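Asks: Below is the structure I would like to discuss, written out as structure tokens.
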Amino acid sequence: MTPRAVFDCMVLLQAAANDRGPAGRCLALAEAGVVTLCVGDASRAEIDDVVHRPSVRGRFRTLTDPWVATFLANLDRIAVRIDPVPAVCTLARDPKDEKYLNLAVAAGAAYLVSRDNDLLDLMTGTDADAVAFRTAHPGVLILDPAAFLQTITPAPPAAPPPPTP
């Protein structure tokens, strides 16, 4: 069984804008079946909203109507939909991010991939939210895209030494 992962909206946006960057390579792992990407109604609605914003389209010229339609259709094809997503986690510093924590828990995800410091700090922070999350959900690892790539696709073993004569 492949591990489950949740990608936050920014990771999905970056994957849509640049499929060769770290976020795009994370999505490629889901497309290849190395991980199972999970989305919920709230997270799917957020990426749909964000990729259609004129301000985002102005910053990311690759996000044309045809490209966005293809990206979202691909996302719907490869992702497992998790619904309902019960509200079991709180994040006082940024309640908008709670949907990703709750989705990761509901999906039984091993990974939540984000560049958001409010989420990443839950792995090392000492505040009440961080300690409570790690205690209640020790199976969820929150990583940025580069760390996720290193975790899922570790470096190949070192080449053996040359034979001795």
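Simple scheme: letters A, B, ... for chains in structure tokens order, numbers from 1 for residues in each chain, numbers from 1 for ligands in the order shown.
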Residues within 9 Å of stretch 126-132 of chain A, please, as a ChimeraX atom specification. Count only C-alpha atoms; anything in the same chain fewer than 5 positions from it doesn't count.

Replies: /A:89-93,119,121,137

Asks: Would you kindly return, as a ChimeraX atom specification, each protein, DNA or RNA residue with an atom no farther than 9 Å from any atom of A:Ile47, considering only C-alpha atoms and excluding same-chain residues fewer than 6 positions away?

Replies: /A:8-10,12-13,72

Asks: What gap, in Å, lies between atom CA of A:Asp94 and atom CA of A:Asn117?

Replies: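 A separation of 10.1 Å between them.
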
Asks: To test your reading of the structure, identify every residue in stretch 59-114 of chain A that backbone DSSP assigns to strand (DSSP E or B), and report it as number ranges by chain.

Replies: A: 80-81, 111-113

Asks: Filtering to N, CA and C atoms, could you give me those residues as a tab-separated table (two decimals), in the first residue's frame?

Replies:
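The result, stored in out23.tsv:
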chain	number	residue	atom	x	y	z
A	80	VAL	N	-7.41	10.87	-4.34
A	80	VAL	CA	-8.49	10.19	-3.63
A	80	VAL	C	-9.25	11.26	-2.85
A	81	ARG	N	-10.55	11.26	-3.03
A	81	ARG	CA	-11.40	12.26	-2.35
A	81	ARG	C	-11.76	11.74	-0.97
A	111	TYR	N	2.02	11.97	5.24
A	111	TYR	CA	2.70	13.22	4.91
A	111	TYR	C	1.72	14.35	4.63
A	112	LEU	N	2.07	15.52	5.12
A	112	LEU	CA	1.41	16.76	4.74
A	112	LEU	C	2.53	17.62	4.17
A	113	VAL	N	2.42	17.99	2.90
A	113	VAL	CA	3.48	18.72	2.22
A	113	VAL	C	3.06	20.17	2.08

Asks: Record the distance separating atom CA of A:Ala107 and atom CA of A:Gly21, expressed in Å with one decimal.

Replies: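 Straight-line distance from atom CA of A:Ala107 to atom CA of A:Gly21 works out to 25.7 Å.
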
Asks: Between atom CA of A:Val35 and atom CA of A:Thr2, what is the spacing in Å?

Replies: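 Atom CA of A:Thr2 sits 5.2 Å away from atom CA of A:Val35.
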
Asks: Quick one: of A:Pro161, A:Pro54, A:Gly40, A:Gly33, who's nearest to A:Lys99, counting only C-alpha atoms?

Replies: A:Gly40

Asks: Which residue, A:Val68, A:Val85, A:Val51, A:Ala104, has the smallest gap to A:Arg4 when you use only C-alpha atoms?

Replies: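 Closest to A:Arg4 of all the choices is A:Ala104.
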
Asks: Which residues come within 7 Å of A:Met123, counting only C-alpha atoms, excluding same-chain residues fewer than 3 positions away, as a ChimeraX atom specification?

Replies: /A:120,130,134,142

Asks: Please identify all polymer residues within 9 Å of A:Val105, counting only C-alpha atoms, omitting same-chain residues fewer than 4 positions from it, and present them as a VMD selection string.

Replies: chain A and resid 85 to 86 88 to 89 100 to 101 109 to 110 137 139 to 140

Asks: Write out, as a CSV table (one decimal), in the first residue's frame, the residues just selected, with C-alpha atoms.

Replies:
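Wrote part.csv, looks like this:
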chain,number,residue,atom,x,y,z
A,85,VAL,CA,-13.3,15.7,6.9
A,86,PRO,CA,-14.1,16.0,10.6
A,88,VAL,CA,-10.3,17.4,14.9
A,89,CYS,CA,-7.4,19.7,14.8
A,100,TYR,CA,-5.1,20.5,5.8
A,101,LEU,CA,-4.4,19.1,9.2
A,109,ALA,CA,-1.9,10.4,5.6
A,110,ALA,CA,1.7,9.9,6.4
A,137,HIS,CA,-1.1,12.5,15.4
A,139,GLY,CA,2.0,9.3,12.2
A,140,VAL,CA,1.7,12.6,10.2

Asks: Given the choices A:Gly125, A:Gly58, A:Pro84, A:Pro160, which gets closest to A:Ala17 if the distance is worked out from only C-alpha atoms?

Replies: A:Gly58

Asks: Write out as a PDB file with N, CA and C atoms, in the first residue's frame the set of residues from chain A that DSSP, computed on the backbone, places in alpha helix (DSSP H).

Replies:
ATOM      1  N   CYS A   9      -2.504  24.009  -0.688  1.00  0.00           N
ATOM      2  CA  CYS A   9      -2.844  24.767  -1.892  1.00  0.00           C
ATOM      3  C   CYS A   9      -1.611  25.370  -2.570  1.00  0.00           C
ATOM      4  N   MET A  10      -0.689  25.896  -1.780  1.00  0.00           N
ATOM      5  CA  MET A  10       0.492  26.524  -2.373  1.00  0.00           C
ATOM      6  C   MET A  10       1.352  25.495  -3.102  1.00  0.00           C
ATOM      7  N   VAL A  11       1.478  24.312  -2.560  1.00  0.00           N
ATOM      8  CA  VAL A  11       2.243  23.262  -3.236  1.00  0.00           C
ATOM      9  C   VAL A  11       1.562  22.897  -4.552  1.00  0.00           C
ATOM     10  N   LEU A  12       0.240  22.761  -4.518  1.00  0.00           N
ATOM     11  CA  LEU A  12      -0.477  22.448  -5.764  1.00  0.00           C
ATOM     12  C   LEU A  12      -0.373  23.590  -6.771  1.00  0.00           C
ATOM     13  N   LEU A  13      -0.449  24.830  -6.301  1.00  0.00           N
ATOM     14  CA  LEU A  13      -0.295  25.973  -7.203  1.00  0.00           C
ATOM     15  C   LEU A  13       1.092  25.970  -7.837  1.00  0.00           C
ATOM     16  N   GLN A  14       2.110  25.742  -7.043  1.00  0.00           N
ATOM     17  CA  GLN A  14       3.471  25.708  -7.578  1.00  0.00           C
ATOM     18  C   GLN A  14       3.645  24.549  -8.556  1.00  0.00           C
ATOM     19  N   ALA A  15       2.998  23.430  -8.289  1.00  0.00           N
ATOM     20  CA  ALA A  15       3.059  22.296  -9.225  1.00  0.00           C
ATOM     21  C   ALA A  15       2.375  22.646 -10.535  1.00  0.00           C
ATOM     22  N   ALA A  16       1.262  23.366 -10.448  1.00  0.00           N
ATOM     23  CA  ALA A  16       0.547  23.777 -11.660  1.00  0.00           C
ATOM     24  C   ALA A  16       1.374  24.759 -12.473  1.00  0.00           C
ATOM     25  N   ALA A  17       2.080  25.643 -11.790  1.00  0.00           N
ATOM     26  CA  ALA A  17       2.839  26.689 -12.470  1.00  0.00           C
ATOM     27  C   ALA A  17       4.168  26.194 -13.032  1.00  0.00           C
ATOM     28  N   PRO A  22      10.309  21.559  -7.392  1.00  0.00           N
ATOM     29  CA  PRO A  22      10.078  20.570  -6.339  1.00  0.00           C
ATOM     30  C   PRO A  22       8.602  20.204  -6.164  1.00  0.00           C
ATOM     31  N   ALA A  23       7.711  21.171  -6.178  1.00  0.00           N
ATOM     32  CA  ALA A  23       6.285  20.867  -6.021  1.00  0.00           C
ATOM     33  C   ALA A  23       5.771  20.046  -7.197  1.00  0.00           C
ATOM     34  N   GLY A  24       6.211  20.372  -8.398  1.00  0.00           N
ATOM     35  CA  GLY A  24       5.823  19.604  -9.577  1.00  0.00           C
ATOM     36  C   GLY A  24       6.324  18.177  -9.504  1.00  0.00           C
ATOM     37  N   ARG A  25       7.521  17.995  -8.964  1.00  0.00           N
ATOM     38  CA  ARG A  25       8.064  16.638  -8.814  1.00  0.00           C
ATOM     39  C   ARG A  25       7.300  15.864  -7.731  1.00  0.00           C
ATOM     40  N   CYS A  26       6.822  16.578  -6.705  1.00  0.00           N
ATOM     41  CA  CYS A  26       5.979  15.926  -5.690  1.00  0.00           C
ATOM     42  C   CYS A  26       4.700  15.404  -6.345  1.00  0.00           C
ATOM     43  N   LEU A  27       4.079  16.236  -7.163  1.00  0.00           N
ATOM     44  CA  LEU A  27       2.853  15.818  -7.836  1.00  0.00           C
ATOM     45  C   LEU A  27       3.130  14.655  -8.792  1.00  0.00           C
ATOM     46  N   ALA A  28       4.282  14.670  -9.428  1.00  0.00           N
ATOM     47  CA  ALA A  28       4.647  13.576 -10.336  1.00  0.00           C
ATOM     48  C   ALA A  28       4.731  12.246  -9.586  1.00  0.00           C
ATOM     49  N   LEU A  29       5.149  12.277  -8.327  1.00  0.00           N
ATOM     50  CA  LEU A  29       5.181  11.049  -7.530  1.00  0.00           C
ATOM     51  C   LEU A  29       3.768  10.508  -7.308  1.00  0.00           C
ATOM     52  N   ALA A  30       2.816  11.415  -7.127  1.00  0.00           N
ATOM     53  CA  ALA A  30       1.420  10.980  -6.984  1.00  0.00           C
ATOM     54  C   ALA A  30       0.904  10.424  -8.308  1.00  0.00           C
ATOM     55  N   GLU A  31       1.253  11.077  -9.403  1.00  0.00           N
ATOM     56  CA  GLU A  31       0.829  10.584 -10.719  1.00  0.00           C
ATOM     57  C   GLU A  31       1.408   9.203 -11.003  1.00  0.00           C
ATOM     58  N   ASP A  41     -13.168  18.296   0.018  1.00  0.00           N
ATOM     59  CA  ASP A  41     -13.945  19.349  -0.644  1.00  0.00           C
ATOM     60  C   ASP A  41     -13.321  20.719  -0.443  1.00  0.00           C
ATOM     61  N   ALA A  42     -12.914  21.037   0.787  1.00  0.00           N
ATOM     62  CA  ALA A  42     -12.375  22.365   1.080  1.00  0.00           C
ATOM     63  C   ALA A  42     -11.039  22.607   0.384  1.00  0.00           C
ATOM     64  N   SER A  43     -10.157  21.610   0.399  1.00  0.00           N
ATOM     65  CA  SER A  43      -8.850  21.806  -0.236  1.00  0.00           C
ATOM     66  C   SER A  43      -8.979  21.853  -1.752  1.00  0.00           C
ATOM     67  N   ARG A  44      -9.880  21.048  -2.304  1.00  0.00           N
ATOM     68  CA  ARG A  44     -10.086  21.063  -3.760  1.00  0.00           C
ATOM     69  C   ARG A  44     -10.693  22.390  -4.201  1.00  0.00           C
ATOM     70  N   ALA A  45     -11.635  22.914  -3.422  1.00  0.00           N
ATOM     71  CA  ALA A  45     -12.248  24.205  -3.749  1.00  0.00           C
ATOM     72  C   ALA A  45     -11.229  25.336  -3.673  1.00  0.00           C
ATOM     73  N   GLU A  46     -10.307  25.254  -2.716  1.00  0.00           N
ATOM     74  CA  GLU A  46      -9.313  26.315  -2.577  1.00  0.00           C
ATOM     75  C   GLU A  46      -8.380  26.367  -3.784  1.00  0.00           C
ATOM     76  N   ILE A  47      -7.886  25.228  -4.247  1.00  0.00           N
ATOM     77  CA  ILE A  47      -6.984  25.266  -5.399  1.00  0.00           C
ATOM     78  C   ILE A  47      -7.735  25.726  -6.645  1.00  0.00           C
ATOM     79  N   ASP A  48      -8.981  25.324  -6.787  1.00  0.00           N
ATOM     80  CA  ASP A  48      -9.782  25.784  -7.922  1.00  0.00           C
ATOM     81  C   ASP A  48      -9.910  27.309  -7.895  1.00  0.00           C
ATOM     82  N   ASP A  49     -10.193  27.853  -6.735  1.00  0.00           N
ATOM     83  CA  ASP A  49     -10.320  29.308  -6.591  1.00  0.00           C
ATOM     84  C   ASP A  49      -8.995  30.013  -6.906  1.00  0.00           C
ATOM     85  N   VAL A  50      -7.922  29.516  -6.326  1.00  0.00           N
ATOM     86  CA  VAL A  50      -6.626  30.193  -6.452  1.00  0.00           C
ATOM     87  C   VAL A  50      -6.126  30.205  -7.897  1.00  0.00           C
ATOM     88  N   VAL A  51      -6.215  29.088  -8.615  1.00  0.00           N
ATOM     89  CA  VAL A  51      -5.691  29.056  -9.985  1.00  0.00           C
ATOM     90  C   VAL A  51      -6.536  29.879 -10.958  1.00  0.00           C
ATOM     91  N   PRO A  54      -7.285  36.328 -11.077  1.00  0.00           N
ATOM     92  CA  PRO A  54      -6.506  37.141 -12.023  1.00  0.00           C
ATOM     93  C   PRO A  54      -5.125  37.520 -11.485  1.00  0.00           C
ATOM     94  N   SER A  55      -5.014  37.803 -10.201  1.00  0.00           N
ATOM     95  CA  SER A  55      -3.711  38.178  -9.641  1.00  0.00           C
ATOM     96  C   SER A  55      -2.723  37.016  -9.722  1.00  0.00           C
ATOM     97  N   VAL A  56      -3.193  35.801  -9.527  1.00  0.00           N
ATOM     98  CA  VAL A  56      -2.324  34.622  -9.622  1.00  0.00           C
ATOM     99  C   VAL A  56      -1.969  34.369 -11.078  1.00  0.00           C
ATOM    100  N   ARG A  57      -2.938  34.492 -11.954  1.00  0.00           N
ATOM    101  CA  ARG A  57      -2.676  34.301 -13.388  1.00  0.00           C
ATOM    102  C   ARG A  57      -1.656  35.319 -13.890  1.00  0.00           C
ATOM    103  N   GLY A  58      -1.697  36.534 -13.325  1.00  0.00           N
ATOM    104  CA  GLY A  58      -0.730  37.550 -13.726  1.00  0.00           C
ATOM    105  C   GLY A  58       0.686  37.206 -13.310  1.00  0.00           C
ATOM    106  N   ARG A  59       0.833  36.530 -12.173  1.00  0.00           N
ATOM    107  CA  ARG A  59       2.158  36.137 -11.679  1.00  0.00           C
ATOM    108  C   ARG A  59       2.668  34.879 -12.352  1.00  0.00           C
ATOM    109  N   ASP A  65      -6.138  29.150 -19.374  1.00  0.00           N
ATOM    110  CA  ASP A  65      -7.374  28.388 -19.186  1.00  0.00           C
ATOM    111  C   ASP A  65      -7.209  26.916 -19.555  1.00  0.00           C
ATOM    112  N   PRO A  66      -6.636  26.597 -20.723  1.00  0.00           N
ATOM    113  CA  PRO A  66      -6.478  25.174 -21.054  1.00  0.00           C
ATOM    114  C   PRO A  66      -5.560  24.427 -20.069  1.00  0.00           C
ATOM    115  N   TRP A  67      -4.474  25.088 -19.662  1.00  0.00           N
ATOM    116  CA  TRP A  67      -3.541  24.433 -18.740  1.00  0.00           C
ATOM    117  C   TRP A  67      -4.210  24.170 -17.396  1.00  0.00           C
ATOM    118  N   VAL A  68      -4.940  25.160 -16.875  1.00  0.00           N
ATOM    119  CA  VAL A  68      -5.624  25.011 -15.589  1.00  0.00           C
ATOM    120  C   VAL A  68      -6.677  23.906 -15.676  1.00  0.00           C
ATOM    121  N   ALA A  69      -7.437  23.872 -16.765  1.00  0.00           N
ATOM    122  CA  ALA A  69      -8.453  22.822 -16.930  1.00  0.00           C
ATOM    123  C   ALA A  69      -7.805  21.440 -16.934  1.00  0.00           C
ATOM    124  N   THR A  70      -6.696  21.309 -17.629  1.00  0.00           N
ATOM    125  CA  THR A  70      -5.987  20.028 -17.680  1.00  0.00           C
ATOM    126  C   THR A  70      -5.422  19.669 -16.309  1.00  0.00           C
ATOM    127  N   PHE A  71      -4.832  20.651 -15.640  1.00  0.00           N
ATOM    128  CA  PHE A  71      -4.260  20.420 -14.314  1.00  0.00           C
ATOM    129  C   PHE A  71      -5.329  19.945 -13.328  1.00  0.00           C
ATOM    130  N   LEU A  72      -6.459  20.646 -13.285  1.00  0.00           N
ATOM    131  CA  LEU A  72      -7.519  20.282 -12.343  1.00  0.00           C
ATOM    132  C   LEU A  72      -8.139  18.924 -12.679  1.00  0.00           C
ATOM    133  N   ALA A  73      -8.300  18.642 -13.959  1.00  0.00           N
ATOM    134  CA  ALA A  73      -8.822  17.328 -14.358  1.00  0.00           C
ATOM    135  C   ALA A  73      -7.853  16.223 -13.944  1.00  0.00           C
ATOM    136  N   ASN A  74      -6.562  16.465 -14.101  1.00  0.00           N
ATOM    137  CA  ASN A  74      -5.551  15.498 -13.689  1.00  0.00           C
ATOM    138  C   ASN A  74      -5.573  15.316 -12.173  1.00  0.00           C
ATOM    139  N   LEU A  75      -5.707  16.409 -11.460  1.00  0.00           N
ATOM    140  CA  LEU A  75      -5.788  16.344 -10.002  1.00  0.00           C
ATOM    141  C   LEU A  75      -6.979  15.483  -9.580  1.00  0.00           C
ATOM    142  N   ASP A  76      -8.119  15.711 -10.200  1.00  0.00           N
ATOM    143  CA  ASP A  76      -9.313  14.926  -9.881  1.00  0.00           C
ATOM    144  C   ASP A  76      -9.135  13.447 -10.236  1.00  0.00           C
ATOM    145  N   ARG A  77      -8.356  13.179 -11.272  1.00  0.00           N
ATOM    146  CA  ARG A  77      -8.138  11.797 -11.711  1.00  0.00           C
ATOM    147  C   ARG A  77      -7.221  11.042 -10.756  1.00  0.00           C
ATOM    148  N   ILE A  78      -6.176  11.698 -10.272  1.00  0.00           N
ATOM    149  CA  ILE A  78      -5.183  10.980  -9.472  1.00  0.00           C
ATOM    150  C   ILE A  78      -5.450  11.020  -7.972  1.00  0.00           C
ATOM    151  N   GLU A  98      -6.170  24.732   9.208  1.00  0.00           N
ATOM    152  CA  GLU A  98      -6.744  23.576   9.898  1.00  0.00           C
ATOM    153  C   GLU A  98      -7.294  22.547   8.913  1.00  0.00           C
ATOM    154  N   LYS A  99      -7.813  23.012   7.772  1.00  0.00           N
ATOM    155  CA  LYS A  99      -8.393  22.064   6.807  1.00  0.00           C
ATOM    156  C   LYS A  99      -7.370  21.040   6.333  1.00  0.00           C
ATOM    157  N   TYR A 100      -6.108  21.437   6.233  1.00  0.00           N
ATOM    158  CA  TYR A 100      -5.071  20.501   5.784  1.00  0.00           C
ATOM    159  C   TYR A 100      -4.697  19.513   6.884  1.00  0.00           C
ATOM    160  N   LEU A 101      -4.639  19.991   8.109  1.00  0.00           N
ATOM    161  CA  LEU A 101      -4.374  19.085   9.231  1.00  0.00           C
ATOM    162  C   LEU A 101      -5.500  18.067   9.365  1.00  0.00           C
ATOM    163  N   ASN A 102      -6.728  18.564   9.322  1.00  0.00           N
ATOM    164  CA  ASN A 102      -7.883  17.677   9.443  1.00  0.00           C
ATOM    165  C   ASN A 102      -7.953  16.676   8.290  1.00  0.00           C
ATOM    166  N   LEU A 103      -7.628  17.125   7.092  1.00  0.00           N
ATOM    167  CA  LEU A 103      -7.613  16.227   5.935  1.00  0.00           C
ATOM    168  C   LEU A 103      -6.550  15.154   6.103  1.00  0.00           C
ATOM    169  N   ALA A 104      -5.363  15.541   6.530  1.00  0.00           N
ATOM    170  CA  ALA A 104      -4.293  14.568   6.725  1.00  0.00           C
ATOM    171  C   ALA A 104      -4.706  13.501   7.746  1.00  0.00           C
ATOM    172  N   VAL A 105      -5.330  13.931   8.816  1.00  0.00           N
ATOM    173  CA  VAL A 105      -5.769  12.984   9.846  1.00  0.00           C
ATOM    174  C   VAL A 105      -6.880  12.091   9.293  1.00  0.00           C
ATOM    175  N   ALA A 106      -7.881  12.678   8.652  1.00  0.00           N
ATOM    176  CA  ALA A 106      -9.010  11.902   8.118  1.00  0.00           C
ATOM    177  C   ALA A 106      -8.556  10.909   7.056  1.00  0.00           C
ATOM    178  N   ALA A 107      -7.554  11.287   6.282  1.00  0.00           N
ATOM    179  CA  ALA A 107      -7.057  10.430   5.202  1.00  0.00           C
ATOM    180  C   ALA A 107      -6.104   9.350   5.699  1.00  0.00           C
ATOM    181  N   ASN A 117       4.985  28.031   7.093  1.00  0.00           N
ATOM    182  CA  ASN A 117       5.686  27.896   8.365  1.00  0.00           C
ATOM    183  C   ASN A 117       4.754  27.567   9.524  1.00  0.00           C
ATOM    184  N   ASP A 118       3.499  28.012   9.460  1.00  0.00           N
ATOM    185  CA  ASP A 118       2.564  27.681  10.532  1.00  0.00           C
ATOM    186  C   ASP A 118       2.346  26.172  10.607  1.00  0.00           C
ATOM    187  N   LEU A 119       2.361  25.497   9.471  1.00  0.00           N
ATOM    188  CA  LEU A 119       2.233  24.039   9.456  1.00  0.00           C
ATOM    189  C   LEU A 119       3.571  23.360   9.749  1.00  0.00           C
ATOM    190  N   LEU A 120       4.622  23.806   9.097  1.00  0.00           N
ATOM    191  CA  LEU A 120       5.937  23.185   9.288  1.00  0.00           C
ATOM    192  C   LEU A 120       6.401  23.257  10.737  1.00  0.00           C
ATOM    193  N   ALA A 128       1.596  25.173  22.317  1.00  0.00           N
ATOM    194  CA  ALA A 128       0.551  24.190  22.635  1.00  0.00           C
ATOM    195  C   ALA A 128       0.037  23.477  21.390  1.00  0.00           C
ATOM    196  N   ASP A 129      -0.166  24.207  20.280  1.00  0.00           N
ATOM    197  CA  ASP A 129      -0.660  23.583  19.050  1.00  0.00           C
ATOM    198  C   ASP A 129       0.309  22.518  18.549  1.00  0.00           C
ATOM    199  N   ALA A 130       1.602  22.840  18.545  1.00  0.00           N
ATOM    200  CA  ALA A 130       2.604  21.908  18.026  1.00  0.00           C
ATOM    201  C   ALA A 130       2.682  20.651  18.879  1.00  0.00           C
ATOM    202  N   VAL A 131       2.758  20.834  20.177  1.00  0.00           N
ATOM    203  CA  VAL A 131       2.859  19.680  21.076  1.00  0.00           C
ATOM    204  C   VAL A 131       1.596  18.824  20.980  1.00  0.00           C
ATOM    205  N   ALA A 132       0.441  19.475  20.944  1.00  0.00           N
ATOM    206  CA  ALA A 132      -0.826  18.736  20.867  1.00  0.00           C
ATOM    207  C   ALA A 132      -0.920  17.959  19.552  1.00  0.00           C
ATOM    208  N   PHE A 133      -0.521  18.580  18.446  1.00  0.00           N
ATOM    209  CA  PHE A 133      -0.606  17.884  17.164  1.00  0.00           C
ATOM    210  C   PHE A 133       0.318  16.672  17.134  1.00  0.00           C
ATOM    211  N   ARG A 134       1.573  16.860  17.529  1.00  0.00           N
ATOM    212  CA  ARG A 134       2.524  15.732  17.493  1.00  0.00           C
ATOM    213  C   ARG A 134       2.106  14.609  18.433  1.00  0.00           C
ATOM    214  N   THR A 135       1.534  14.968  19.564  1.00  0.00           N
ATOM    215  CA  THR A 135       1.095  13.957  20.527  1.00  0.00           C
ATOM    216  C   THR A 135      -0.100  13.178  19.996  1.00  0.00           C
ATOM    217  N   ALA A 136      -1.067  13.897  19.452  1.00  0.00           N
ATOM    218  CA  ALA A 136      -2.301  13.253  18.983  1.00  0.00           C
ATOM    219  C   ALA A 136      -2.126  12.544  17.644  1.00  0.00           C
ATOM    220  N   PRO A 145       8.319  20.624   0.237  1.00  0.00           N
ATOM    221  CA  PRO A 145       8.466  19.750  -0.934  1.00  0.00           C
ATOM    222  C   PRO A 145       9.849  19.113  -1.088  1.00  0.00           C
ATOM    223  N   ALA A 146      10.915  19.867  -0.846  1.00  0.00           N
ATOM    224  CA  ALA A 146      12.263  19.299  -1.004  1.00  0.00           C
ATOM    225  C   ALA A 146      12.502  18.174  -0.005  1.00  0.00           C
ATOM    226  N   ALA A 147      12.105  18.360   1.241  1.00  0.00           N
ATOM    227  CA  ALA A 147      12.287  17.316   2.257  1.00  0.00           C
ATOM    228  C   ALA A 147      11.412  16.108   1.946  1.00  0.00           C
ATOM    229  N   PHE A 148      10.208  16.348   1.441  1.00  0.00           N
ATOM    230  CA  PHE A 148       9.327  15.248   1.057  1.00  0.00           C
ATOM    231  C   PHE A 148       9.978  14.424  -0.052  1.00  0.00           C
ATOM    232  N   LEU A 149      10.527  15.092  -1.055  1.00  0.00           N
ATOM    233  CA  LEU A 149      11.193  14.384  -2.149  1.00  0.00           C
ATOM    234  C   LEU A 149      12.355  13.541  -1.629  1.00  0.00           C
ATOM    235  N   GLN A 150      13.128  14.088  -0.706  1.00  0.00           N
ATOM    236  CA  GLN A 150      14.255  13.340  -0.143  1.00  0.00           C
ATOM    237  C   GLN A 150      13.773  12.150   0.675  1.00  0.00           C
ATOM    238  N   THR A 151      12.658  12.306   1.350  1.00  0.00           N
ATOM    239  CA  THR A 151      12.120  11.226   2.176  1.00  0.00           C
ATOM    240  C   THR A 151      11.551  10.104   1.322  1.00  0.00           C
ATOM    241  N   ILE A 152      10.810  10.471   0.282  1.00  0.00           N
ATOM    242  CA  ILE A 152      10.147   9.481  -0.562  1.00  0.00           C
ATOM    243  C   ILE A 152      11.104   8.843  -1.559  1.00  0.00           C
TER     244      ILE A 152
END
